[in-house]
Amino acid sequence: LRKGQFAGGLIVLENKQRSYPYGDLARRVLGYRKDHAWVGIDGQFDSIIKGYDGEKLTKYINFAGWKKEKLIREIPKLDGADVRTTLAIPMQQVADKILREYISRDTTIYGGTVIIMDVKTGAIRTMSNIEHKAHRNLEPVGEYYNLAIGYQFEPGSILGAVSLISFLQEYGHMYQSVTHQVDSIFPFASAINRIASLNNAYYQYNYQFVHSLIQDSKYSNISAIDGVSKSNPYVLAGMSLSEYGALDRYLYTLQNLSLTEDINFELKEPGGRSTPRIGKPIVTDDYNYFLASLGCGYGIAMTPLQILTFYNTIANKGTKVKPYIIESIENSSRHTYRHSLIDFSSAIDE
């Protein structure tokens with residue numbers, strides 16, 4: 001070392017690494033840029049955060065026997081902007097702790113997410129994603145993927161409120177009692193029997209589900225109020241069939257509730273889908289069956305944030321607001337960009 005860098009052979013390598021002051025807290029949301037991976041806020045807003053290096057072009061001239069440096073061109077450096085998020089650290093810490101402990105205890109759970117959103121504004125106060133790395137239980141739990149915006153699943157009875165709201169908006173009231181018999185609710189036994197023989201895992205699963213409802217006599221007479229309050233799939237499927245009767249009509253209702261479109265959230269998860277996926281009947285005369293599946297939350301795949309946005313619309317008395325996680329962007333001149341609330345007006349009648 002005493003011989004210096006050249007004679008001694010000292011080689012200094014720089015390794016830039018993102019520092020996370022709060023450890024793994026919201027790590028996937030904060031994100032990073034590494035090689036070809038652009039993840040989270042750090043990835044999405046890289047061009048804003050990193051700033052620009054300055055340039056200085058000079059040349060040496062001989063002036064009266066002295067070498068003098070002459071400036072040819074100079075472009076000053078530009079500091080990167082500061083991005084302020086809507087996340088509330090105390091709430092994020094509580095959600096992360098509880099979710100991490102819960103998933104650590106049960107290795108059969110793939111993962112989970114907690115999202116807390118301000119009802120009136122759509123500001124995301126908490127977005128925690130915890131899962132078991134390498135297929136659940138081979139590695140410790142942590143923030144490996146943003147499940148809230150990148151993982152789609154069939155919500156099932158979670159989306160039962162859609163059938164109820166669709167019914168209420170269509171007819172303006174809810175029947176206290178429904179006495180539909182099984183045969184009238186499911187007038188497509190032949191289609192279901194044929195679907196059971198198809199080599200399709202999705203239809204095989206739903207066939208067993210619907211077929212068990214037909215065979216269970218206790219579902220043949222149940223009030224609509226009790227059925228909806230208990231997320232009874234028979235009632236939800238029955239309302240979709242008996243009161244809509246046409247698949248296109250129900251899909252139009254989903255569209256009016258903004259359940260078929262991209263919510264245009266500021267962050268995108270690599271490999272994730274931002275637009276809900278709706279299946280299509282693969283047999284020409286199984287539309288009734290598919291309509292019944294949609295009515296009880298199957299046949300459509302959504303992310304947790306998309307589902308939350310729908311429920312937030314209910315909590316906000318029918319007005320849908322766009323979820324957002326960037327509160328402001330402040331550049332070197334202290335000019336501040338602030339999020340402007342996007343109001344989709346009334347998606348649901350109050």
# chains A, B, ... in the order shown; residues from 1 in each chain; ligands from 1
$ residues_around --residues "range 229-237 of chain A" --least-positions-apart "3" --cutoff "6 Å" --atoms "only C-alpha atoms" --output "list in words"
Ser157, Asp226, Ser240, Ala292, Gly295 and Cys296 of chain A
$ write_last_selection --atoms "C-alpha atoms" --output "mmCIF file, in the first residue's frame"
data_model
loop_
_atom_site.group_PDB
_atom_site.id
_atom_site.type_symbol
_atom_site.label_atom_id
_atom_site.label_comp_id
_atom_site.auth_asym_id
_atom_site.auth_seq_id
_atom_site.Cartn_x
_atom_site.Cartn_y
_atom_site.Cartn_z
ATOM 1 C CA SER A 157 -67.431 -14.795 -2.859
ATOM 2 C CA ASP A 226 -79.622 -14.231 3.847
ATOM 3 C CA SER A 240 -77.203 -13.539 -12.080
ATOM 4 C CA ALA A 292 -73.624 -18.350 -13.009
ATOM 5 C CA GLY A 295 -72.211 -14.223 -10.514
ATOM 6 C CA CYS A 296 -70.407 -15.927 -7.651
#
$ residues_around --residues "Thr85 in chain A" --least-positions-apart "6" --cutoff "6 Å" --atoms "only C-alpha atoms" --output "PyMOL selection string"
chain A and resi 325-327
$ select_by_dssp --residues "range 33-181 of chain A" --states "helix (DSSP H, G or I)" --output "ChimeraX atom specification"
/A:40-44,46-49,89-105,147-150,156-171
$ closest_residue --among "A:Ile263, A:Leu1, A:Leu254, A:Ala7" --to "Ile278 in chain A" --atoms "only C-alpha atoms"
A:Leu254
$ residues_around --residues "range 246-251 of chain A" --least-positions-apart "5" --cutoff "12 Å" --atoms "only C-alpha atoms" --output "ChimeraX atom specification"
/A:162-163,165-167,170,237,239-241,256-261,278-281,285-295,299-300
$ write_last_selection --atoms "N, CA and C atoms" --output "compact mmCIF listing (two decimals), in the first residue's frame"
# COMPACT_ATOMS: atom_id res chain seq x y z
N VAL A 162 -70.70 -7.52 -6.06
CA VAL A 162 -70.96 -7.07 -7.43
C VAL A 162 -72.35 -7.52 -7.87
N SER A 163 -72.68 -8.78 -7.59
CA SER A 163 -74.00 -9.29 -7.97
C SER A 163 -75.09 -8.52 -7.25
N ILE A 165 -74.96 -5.38 -5.95
CA ILE A 165 -75.05 -4.01 -6.44
C ILE A 165 -75.64 -3.97 -7.85
N SER A 166 -75.24 -4.92 -8.68
CA SER A 166 -75.80 -4.97 -10.03
C SER A 166 -77.31 -5.16 -9.97
N PHE A 167 -77.73 -6.03 -9.08
CA PHE A 167 -79.16 -6.30 -8.92
C PHE A 167 -79.89 -5.04 -8.45
N GLU A 170 -80.14 -2.36 -11.05
CA GLU A 170 -81.04 -2.74 -12.13
C GLU A 170 -82.51 -2.60 -11.73
N ALA A 237 -75.25 -16.89 -7.80
CA ALA A 237 -75.38 -17.45 -9.15
C ALA A 237 -76.82 -17.36 -9.62
N MET A 239 -79.16 -15.16 -8.75
CA MET A 239 -79.54 -13.79 -9.11
C MET A 239 -79.01 -13.43 -10.49
N SER A 240 -77.79 -13.85 -10.78
CA SER A 240 -77.20 -13.54 -12.08
C SER A 240 -78.00 -14.19 -13.21
N LEU A 241 -78.42 -15.43 -12.97
CA LEU A 241 -79.15 -16.16 -14.01
C LEU A 241 -80.58 -15.69 -14.17
N ASN A 256 -69.62 -1.15 -16.49
CA ASN A 256 -70.11 0.09 -15.89
C ASN A 256 -69.54 0.30 -14.49
N LEU A 257 -69.22 -0.80 -13.80
CA LEU A 257 -68.63 -0.71 -12.47
C LEU A 257 -67.11 -0.60 -12.54
N SER A 258 -66.57 -0.45 -13.75
CA SER A 258 -65.13 -0.31 -13.98
C SER A 258 -64.35 -1.53 -13.51
N LEU A 259 -64.94 -2.71 -13.62
CA LEU A 259 -64.28 -3.93 -13.18
C LEU A 259 -63.61 -4.67 -14.33
N THR A 260 -63.64 -4.12 -15.51
CA THR A 260 -63.02 -4.78 -16.66
C THR A 260 -61.87 -3.97 -17.23
N GLU A 261 -61.53 -2.85 -16.59
CA GLU A 261 -60.51 -1.97 -17.16
C GLU A 261 -59.31 -1.83 -16.24
N ILE A 278 -61.13 -11.80 -18.01
CA ILE A 278 -62.44 -12.45 -17.99
C ILE A 278 -62.41 -13.60 -18.97
N GLY A 279 -62.75 -14.79 -18.49
CA GLY A 279 -62.75 -15.96 -19.34
C GLY A 279 -63.87 -15.92 -20.37
N LYS A 280 -63.87 -16.88 -21.24
CA LYS A 280 -64.90 -16.98 -22.27
C LYS A 280 -65.42 -18.41 -22.31
N PRO A 281 -66.72 -18.56 -22.51
CA PRO A 281 -67.27 -19.91 -22.64
C PRO A 281 -66.63 -20.63 -23.82
N ASP A 285 -73.15 -23.48 -26.07
CA ASP A 285 -74.38 -23.30 -25.30
C ASP A 285 -74.16 -23.40 -23.80
N ASP A 286 -72.98 -22.99 -23.32
CA ASP A 286 -72.77 -23.01 -21.87
C ASP A 286 -72.72 -21.59 -21.30
N TYR A 287 -73.37 -20.64 -21.97
CA TYR A 287 -73.35 -19.25 -21.51
C TYR A 287 -74.03 -19.11 -20.15
N ASN A 288 -75.10 -19.85 -19.94
CA ASN A 288 -75.78 -19.78 -18.65
C ASN A 288 -74.87 -20.24 -17.52
N TYR A 289 -74.15 -21.31 -17.79
CA TYR A 289 -73.23 -21.83 -16.80
C TYR A 289 -72.15 -20.81 -16.48
N PHE A 290 -71.59 -20.19 -17.51
CA PHE A 290 -70.53 -19.22 -17.31
C PHE A 290 -71.06 -17.98 -16.59
N LEU A 291 -72.29 -17.59 -16.91
CA LEU A 291 -72.92 -16.46 -16.24
C LEU A 291 -73.09 -16.75 -14.75
N ALA A 292 -73.49 -17.97 -14.42
CA ALA A 292 -73.62 -18.35 -13.01
C ALA A 292 -72.28 -18.29 -12.29
N SER A 293 -71.22 -18.72 -12.98
CA SER A 293 -69.88 -18.67 -12.38
C SER A 293 -69.45 -17.23 -12.11
N LEU A 294 -69.70 -16.34 -13.09
CA LEU A 294 -69.35 -14.93 -12.89
C LEU A 294 -70.13 -14.35 -11.71
N GLY A 295 -71.38 -14.75 -11.58
CA GLY A 295 -72.21 -14.22 -10.51
C GLY A 295 -71.68 -14.51 -9.13
N GLY A 299 -64.42 -17.11 -12.95
CA GLY A 299 -64.38 -16.78 -14.36
C GLY A 299 -63.82 -15.40 -14.62
N ILE A 300 -63.46 -14.68 -13.56
CA ILE A 300 -62.82 -13.38 -13.67
C ILE A 300 -61.63 -13.36 -12.71
$ residues_around --residues "Gln93 in chain A" --least-positions-apart "3" --cutoff "10 Å" --atoms "only C-alpha atoms" --output "PyMOL selection string"
chain A and resi 22+25-26+88-90+96-99+126+128
$ atom_distance --atom1 "CA of Ala148 in chain A" --atom2 "CA of Val228 in chain A"
26.1 Å
$ closest_residue --among "A:Ile329, A:Ile49, A:Ile307, A:Leu57" --to "Ile115 in chain A" --atoms "only C-alpha atoms"
A:Ile307
$ residues_around --residues "Glu55 in chain A" --least-positions-apart "2" --cutoff "10 Å" --atoms "only C-alpha atoms" --output "list of chain:residue names"
A:Tyr52, A:Asp53, A:Leu57, A:Arg73, A:Glu74, A:Ile75, A:Pro76, A:Lys77
$ atom_distance --atom1 "CA of Pro323 in chain A" --atom2 "CA of Ala123 in chain A"
5.8 Å
$ select_by_dssp --residues "range 231-307 of chain A" --states "strand (DSSP E)" --output "number ranges by chain"
A: 277-278, 300-301
$ write_last_selection --atoms "C-alpha atoms" --output "mmCIF file, in the first residue's frame"
data_model
loop_
_atom_site.group_PDB
_atom_site.id
_atom_site.type_symbol
_atom_site.label_atom_id
_atom_site.label_comp_id
_atom_site.auth_asym_id
_atom_site.auth_seq_id
_atom_site.Cartn_x
_atom_site.Cartn_y
_atom_site.Cartn_z
ATOM 1 C CA ARG A 277 -58.993 -11.112 -17.122
ATOM 2 C CA ILE A 278 -62.436 -12.449 -17.987
ATOM 3 C CA ILE A 300 -62.818 -13.377 -13.671
ATOM 4 C CA ALA A 301 -59.290 -12.780 -12.329
#
$ atom_distance --atom1 "CA of Leu78 in chain A" --atom2 "CA of Gly51 in chain A"
5.4 Å
$ closest_residue --among "A:Gly271, A:Gly111, A:Gly122, A:Pro21" --to "Thr313 in chain A" --atoms "only C-alpha atoms"
A:Gly122
$ residues_around --residues "range 69-72 of chain A" --least-positions-apart "3" --cutoff "6 Å" --atoms "only C-alpha atoms" --output "list in words"
Leu57, Thr58, Lys59 and Tyr60 of chain A
$ closest_residue --among "A:Pro270, A:Gly172, A:Gly318, A:Gly160" --to "Tyr145 in chain A" --atoms "only C-alpha atoms"
A:Pro270
